[in-house]
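Structure data (TSV, C-alpha atoms) from entry.tsv:
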chain	number	residue	atom	x	y	z
D	1	MET	CA	29.18	-9.25	-7.24
D	2	ILE	CA	26.28	-11.69	-7.19
D	3	PRO	CA	24.96	-12.79	-10.58
D	4	SER	CA	21.53	-11.53	-11.54
D	5	GLY	CA	18.74	-13.84	-10.46
D	6	ALA	CA	20.91	-15.71	-7.95
D	7	PRO	CA	19.24	-16.39	-4.61
D	8	LEU	CA	20.56	-14.23	-1.81
D	9	ARG	CA	20.90	-15.10	1.81
D	10	ARG	CA	20.44	-12.32	4.28
D	11	ALA	CA	21.43	-13.23	7.81
D	12	ASN	CA	21.10	-11.64	11.21
D	13	ALA	CA	23.85	-11.40	13.84
D	14	LYS	CA	23.64	-15.08	14.74
D	15	ASP	CA	23.87	-16.00	11.04
D	16	ARG	CA	20.41	-17.52	10.89
D	17	VAL	CA	18.76	-17.08	7.52
D	18	ILE	CA	15.78	-14.77	7.80
D	19	VAL	CA	14.87	-13.85	4.22
D	20	MET	CA	15.39	-15.41	0.81
D	21	GLU	CA	15.17	-13.08	-2.14
D	22	THR	CA	16.45	-12.80	-5.68
D	23	ALA	CA	19.18	-10.41	-6.73
D	24	LEU	CA	17.80	-7.66	-8.90
D	25	PRO	CA	19.75	-6.80	-12.02
D	26	PRO	CA	21.28	-3.35	-12.19
D	27	PRO	CA	19.70	-0.90	-14.61
D	28	SER	CA	20.22	-2.22	-18.11
D	29	THR	CA	20.93	0.95	-20.04
D	30	PRO	CA	22.53	4.28	-19.21
D	31	SER	CA	19.31	6.08	-20.11
D	32	GLU	CA	17.40	3.87	-17.68
D	33	THR	CA	19.92	4.63	-14.96
D	34	ASP	CA	19.65	8.34	-15.72
D	35	ALA	CA	15.85	8.17	-15.53
D	36	GLN	CA	16.02	6.34	-12.19
D	37	GLN	CA	18.51	8.85	-10.80
D	38	ALA	CA	16.29	11.70	-12.02
D	39	GLU	CA	13.35	10.10	-10.18
D	40	LEU	CA	15.43	9.89	-7.01
D	41	GLN	CA	16.41	13.58	-7.34
D	42	ALA	CA	12.76	14.56	-7.91
D	43	LEU	CA	11.77	12.66	-4.77
D	44	LEU	CA	14.52	14.21	-2.67
D	45	ALA	CA	13.57	17.70	-3.89
D	46	SER	CA	9.94	17.16	-2.93
D	47	PRO	CA	8.65	19.01	0.15
D	48	LEU	CA	7.65	15.65	1.62
D	49	PHE	CA	11.33	14.67	1.74
D	50	THR	CA	13.02	18.03	2.32
D	51	ARG	CA	11.13	18.22	5.63
D	52	ALA	CA	12.38	14.74	6.59
D	53	PRO	CA	16.19	14.74	6.32
D	54	SER	CA	16.66	11.30	7.90
D	55	LEU	CA	14.28	9.72	5.39
D	56	SER	CA	16.07	11.55	2.56
D	57	ARG	CA	19.47	10.24	3.71
D	58	PHE	CA	18.03	6.72	4.08
D	59	LEU	CA	16.54	6.76	0.57
D	60	ALA	CA	19.63	8.32	-1.01
D	61	TYR	CA	21.89	5.73	0.65
D	62	VAL	CA	19.94	2.65	-0.45
D	63	CYS	CA	19.44	4.05	-3.97
D	64	GLN	CA	23.16	4.79	-4.35
D	65	ARG	CA	23.90	1.20	-3.35
D	66	HIS	CA	21.37	0.11	-5.99
D	67	PHE	CA	23.07	2.23	-8.67
D	68	SER	CA	26.42	0.72	-7.65
D	69	SER	CA	24.94	-2.79	-8.10
D	70	GLU	CA	25.37	-3.45	-4.36
D	71	THR	CA	21.74	-4.12	-3.42
D	72	ALA	CA	22.69	-7.54	-2.08
D	73	SER	CA	24.87	-5.95	0.59
D	74	ILE	CA	22.36	-3.42	1.95
D	75	ARG	CA	22.14	-4.32	5.63
D	76	GLU	CA	20.40	-2.81	8.62
D	77	TYR	CA	23.71	-2.15	10.38
D	78	ASP	CA	25.18	-0.28	7.37
D	79	ILE	CA	22.08	1.88	7.00
D	80	ALA	CA	22.21	2.79	10.69
D	81	ILE	CA	25.90	3.74	10.50
D	82	HIS	CA	26.12	5.42	7.09
D	83	ALA	CA	22.66	6.91	6.55
D	84	LEU	CA	21.29	7.52	10.03
D	85	GLY	CA	24.51	8.52	11.80
D	86	ARG	CA	24.52	5.86	14.51
D	87	PRO	CA	27.87	4.98	16.14
D	88	GLU	CA	29.78	1.85	15.12
D	89	THR	CA	28.69	0.26	18.39
D	90	PHE	CA	25.12	0.20	17.02
D	91	ASP	CA	23.20	-2.91	18.12
D	92	GLN	CA	20.17	-3.65	15.97
D	93	LYS	CA	18.67	-5.83	18.69
D	94	LYS	CA	18.48	-2.89	21.09
D	95	ASP	CA	17.78	-0.08	18.62
D	96	ALA	CA	15.00	-0.45	16.05
D	97	ILE	CA	15.68	2.89	14.34
D	98	VAL	CA	16.25	1.36	10.88
D	99	ARG	CA	13.03	-0.66	10.98
D	100	VAL	CA	11.08	2.36	12.22
D	101	GLU	CA	12.57	4.63	9.56
D	102	VAL	CA	11.99	2.18	6.70
D	103	HIS	CA	8.34	1.93	7.77
D	104	ARG	CA	8.06	5.73	7.71
D	105	LEU	CA	9.87	5.82	4.36
D	106	ARG	CA	7.44	3.33	2.79
D	107	LYS	CA	4.50	5.45	3.95
D	108	ARG	CA	6.13	8.64	2.67
D	109	LEU	CA	6.84	7.05	-0.74
D	110	GLN	CA	3.23	5.91	-1.01
D	111	GLN	CA	2.03	9.39	-0.08
D	112	PHE	CA	4.33	10.98	-2.67
D	113	TYR	CA	3.11	8.75	-5.50
D	114	GLU	CA	-0.54	9.25	-4.56
D	115	THR	CA	-0.17	13.04	-4.79
D	116	GLU	CA	2.77	14.91	-6.23
D	117	GLY	CA	4.39	12.01	-8.09
D	118	ALA	CA	1.24	10.48	-9.55
D	119	ASN	CA	2.33	11.21	-13.13
D	120	HIS	CA	5.97	10.14	-12.82
D	121	THR	CA	7.34	7.53	-15.22
D	122	TYR	CA	9.24	5.67	-12.48
D	123	ARG	CA	8.23	4.69	-8.97
D	124	ILE	CA	10.60	3.84	-6.17
D	125	SER	CA	9.45	1.40	-3.52
D	126	ILE	CA	11.08	-0.59	-0.75
D	127	PRO	CA	9.24	-3.89	-0.39
D	128	SER	CA	8.59	-5.30	3.07
D	129	GLY	CA	11.18	-7.72	4.34
D	130	GLY	CA	14.20	-5.85	2.97
D	131	TYR	CA	15.86	-2.52	2.40
D	132	ALA	CA	16.71	-2.70	-1.31
D	133	PRO	CA	14.85	-0.17	-3.47
D	134	VAL	CA	12.82	-1.30	-6.46
D	135	PHE	CA	12.40	0.99	-9.45
D	136	THR	CA	9.25	0.31	-11.44
D	137	ALA	CA	8.73	1.84	-14.86
D	138	ILE	CA	5.18	3.11	-15.27
D	139	PRO	CA	3.98	2.91	-18.87
D	140	PRO	CA	2.37	6.05	-20.23
D	141	PRO	CA	-1.40	5.93	-20.47
D	142	PRO	CA	-2.64	4.62	-23.82
D	143	ALA	CA	-3.40	7.22	-26.44
D	144	ALA	CA	-7.04	8.16	-26.49
D	145	GLU	CA	-8.83	6.50	-29.36
D	146	SER	CA	-11.27	8.40	-31.51
D	147	PRO	CA	-14.57	8.58	-29.72
D	148	ALA	CA	-17.29	6.22	-30.83
D	149	PRO	CA	-20.39	7.73	-32.39
D	150	CYS	CA	-22.49	9.29	-29.70
D	151	ALA	CA	-25.22	6.94	-28.72
D	152	VAL	CA	-28.07	7.99	-26.49
D	153	PRO	CA	-28.02	5.80	-23.41
D	154	ALA	CA	-31.18	3.92	-22.64
D	155	PRO	CA	-33.03	5.27	-19.62
D	156	ALA	CA	-32.49	3.28	-16.47
D	157	PRO	CA	-35.48	1.18	-15.49
D	158	ALA	CA	-37.44	2.40	-12.49
D	159	PRO	CA	-36.78	0.43	-9.32
D	160	VAL	CA	-39.44	-2.17	-8.69
D	161	ALA	CA	-40.34	-3.31	-5.20
D	162	THR	CA	-39.49	-6.97	-4.96
D	163	PRO	CA	-41.65	-9.42	-3.03
D	164	ALA	CA	-38.76	-9.92	-0.62
D	165	ARG	CA	-39.03	-6.28	0.39
D	166	GLN	CA	-42.84	-6.48	0.76
D	167	ILE	CA	-42.82	-9.51	3.07
D	168	PRO	CA	-41.75	-7.71	6.27
D	169	TRP	CA	-44.57	-5.21	5.85
D	170	LEU	CA	-47.06	-8.02	5.36
D	171	TRP	CA	-45.93	-9.68	8.58
D	172	ILE	CA	-46.24	-6.43	10.47
D	173	ALA	CA	-49.75	-5.81	9.07
D	174	ALA	CA	-50.84	-9.38	9.94
D	175	GLY	CA	-49.49	-9.01	13.48
D	176	ASP	CA	-51.35	-5.72	13.92
D	177	ALA	CA	-54.62	-7.30	12.70
D	178	ALA	CA	-54.26	-10.25	15.09
D	179	LEU	CA	-53.52	-7.94	18.00
D	180	ALA	CA	-56.54	-5.79	17.13
D	181	ALA	CA	-58.76	-8.90	17.08
D	182	ILE	CA	-57.53	-10.26	20.41
D	183	SER	CA	-57.40	-7.04	22.44
D	184	PRO	CA	-61.23	-6.57	22.82
D	185	ILE	CA	-61.56	-10.17	24.03
D	186	VAL	CA	-58.78	-9.77	26.58
D	187	SER	CA	-60.26	-6.49	27.82
D	188	LEU	CA	-63.74	-8.13	28.30
D	189	TYR	CA	-62.61	-11.24	30.13
D	190	GLY	CA	-59.34	-10.11	31.74
D	191	PRO	CA	-55.83	-11.27	31.10
D	192	GLY	CA	-55.84	-14.59	33.00
D	193	THR	CA	-59.24	-16.04	32.11
D	194	LEU	CA	-58.76	-17.15	28.52
D	195	PHE	CA	-56.30	-19.95	29.04
Serialized structure, structure tokens:
Amino acid sequence: MIPSGAPLRRANAKDRVIVMETALPPPSTPSETDAQQAELQALLASPLFTRAPSLSRFLAYVCQRHFSSETASIREYDIAIHALGRPETFDQKKDAIVRVEVHRLRKRLQQFYETEGANHTYRISIPSGGYAPVFTAIPPPPAAESPAPCAVPAPAPAPVATPARQIPWLWIAAGDAALAAISPIVSLYGPGTLF
């Protein structure tokens, strides 16, 4: 087990470091764990997730690893094998299924919390660059204070035309006047005789 707050190294097949992150502590209290598991169950029971079994399996797998304090060992290969049913010969360089599914899962989570889950006390997200879930406690809205004495709002001032808005009309009017003054002269003498 990696100590909380210790930097993690996640490597690809050639063991090149691709992401540095910090290990997240496991839920601190049993009641917090219960609340997070209840949030997961509410998500999985949602019509958004019951219609998408692969996303449900993906989310359930990474959340169970989180509850087991194994977020540091959530890897693309393991998700493909255990959650998405790929064979053990899975090659993440040739098959992008995990990256595609995590993108879909992030969108589906966002959609859930914008609609059906808007009033939930916890939110589950999977930040970009990794597969570990993050549970965020949402504080309840502050209690409504007693309303202030009703004051009559002042009427809004009427819009006033600013000089900046009048200037284009002045230019147009001046151009029309100049054209009106020149056109009789041009019609008397012809277009090429003035200059």
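Distances to Leu44 of chain D were evaluated for D:Gln92, D:Thr71, D:Gly117, D:Glu76 using only C-alpha atoms, and the minimum falls at D:Gly117.
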Set the distance at 9 Å and use all atoms listed in the file: which residues neighbour Val134 of chain D once local chain neighbours fewer than 5 positions away are removed? I'd like the list as a ChimeraX atom specification. /D:24,63,66,123-127
Fewer than 4 positions away in the same chain doesn't count, so skip those; otherwise give me all residues within 12 Å of Ile97 of chain D, counting all atoms listed in the file, as a list in words. Ser54, Leu55, Phe58, Glu76, Tyr77, Ile79, Ala80, Ile81, Ala83, Leu84, Gly85, Arg86, Phe90, Asp91, Gln92, Lys93, Glu101, Val102, His103, Arg104 and Leu105 of chain D
Gap from atom CA of Ser128 of chain D to atom CA of Arg99 of chain D - Å, one decimal: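 Computing the Euclidean distance for atom CA of Ser128 of chain D and atom CA of Arg99 of chain D yields 10.2 Å.
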Point-to-point distance from atom CA of Val100 of chain D to atom CA of Tyr61 of chain D, Å rounded to tenths: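 Value for the atom CA of Val100 of chain D-atom CA of Tyr61 of chain D distance: 16.2 Å.
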Have a look at atom CA of Val98 of chain D and atom CA of His82 of chain D and let me know their distance in Å, one decimal.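 Pair atom CA of Val98 of chain D / atom CA of His82 of chain D returns 11.3 Å.
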Using all atoms listed in the file, pick whichever of D:Pro141, D:Arg108, D:Ala35, D:Gly130 has the shortest atom-to-atom distance to Thr50 of chain D. D:Arg108
Hey, which of D:Glu39, D:Ala96, D:Leu48, D:Ile74 ends up closest to Thr136 of chain D? Count all atoms listed in the file.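 Ranked by minimum distance to Thr136 of chain D, first place goes to D:Glu39.
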Residue nearest Ala60 of chain D among D:Pro47, D:Pro87, D:Pro155, D:Pro133 (counting all atoms listed in the file):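 Closest to Ala60 of chain D, using all atoms listed in the file: D:Pro133.
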Would you mind telling me which residue in D:Thr89, D:Gln36, D:Gln111, D:Ser31 lies nearest to Ala137 of chain D when using only C-alpha atoms?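 The shortest atom-to-atom distance to Ala137 of chain D comes from D:Gln36.
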Where is the centre and how long are the edges: axis-aligned box on segment 58-75 of chain D, 3 Å on each side, Å to one decimal, as AutoDock Vina command-line options:
--center_x 21.5 --center_y 0.4 --center_z -1.5 --size_x 15.9 --size_y 21.9 --size_z 20.3
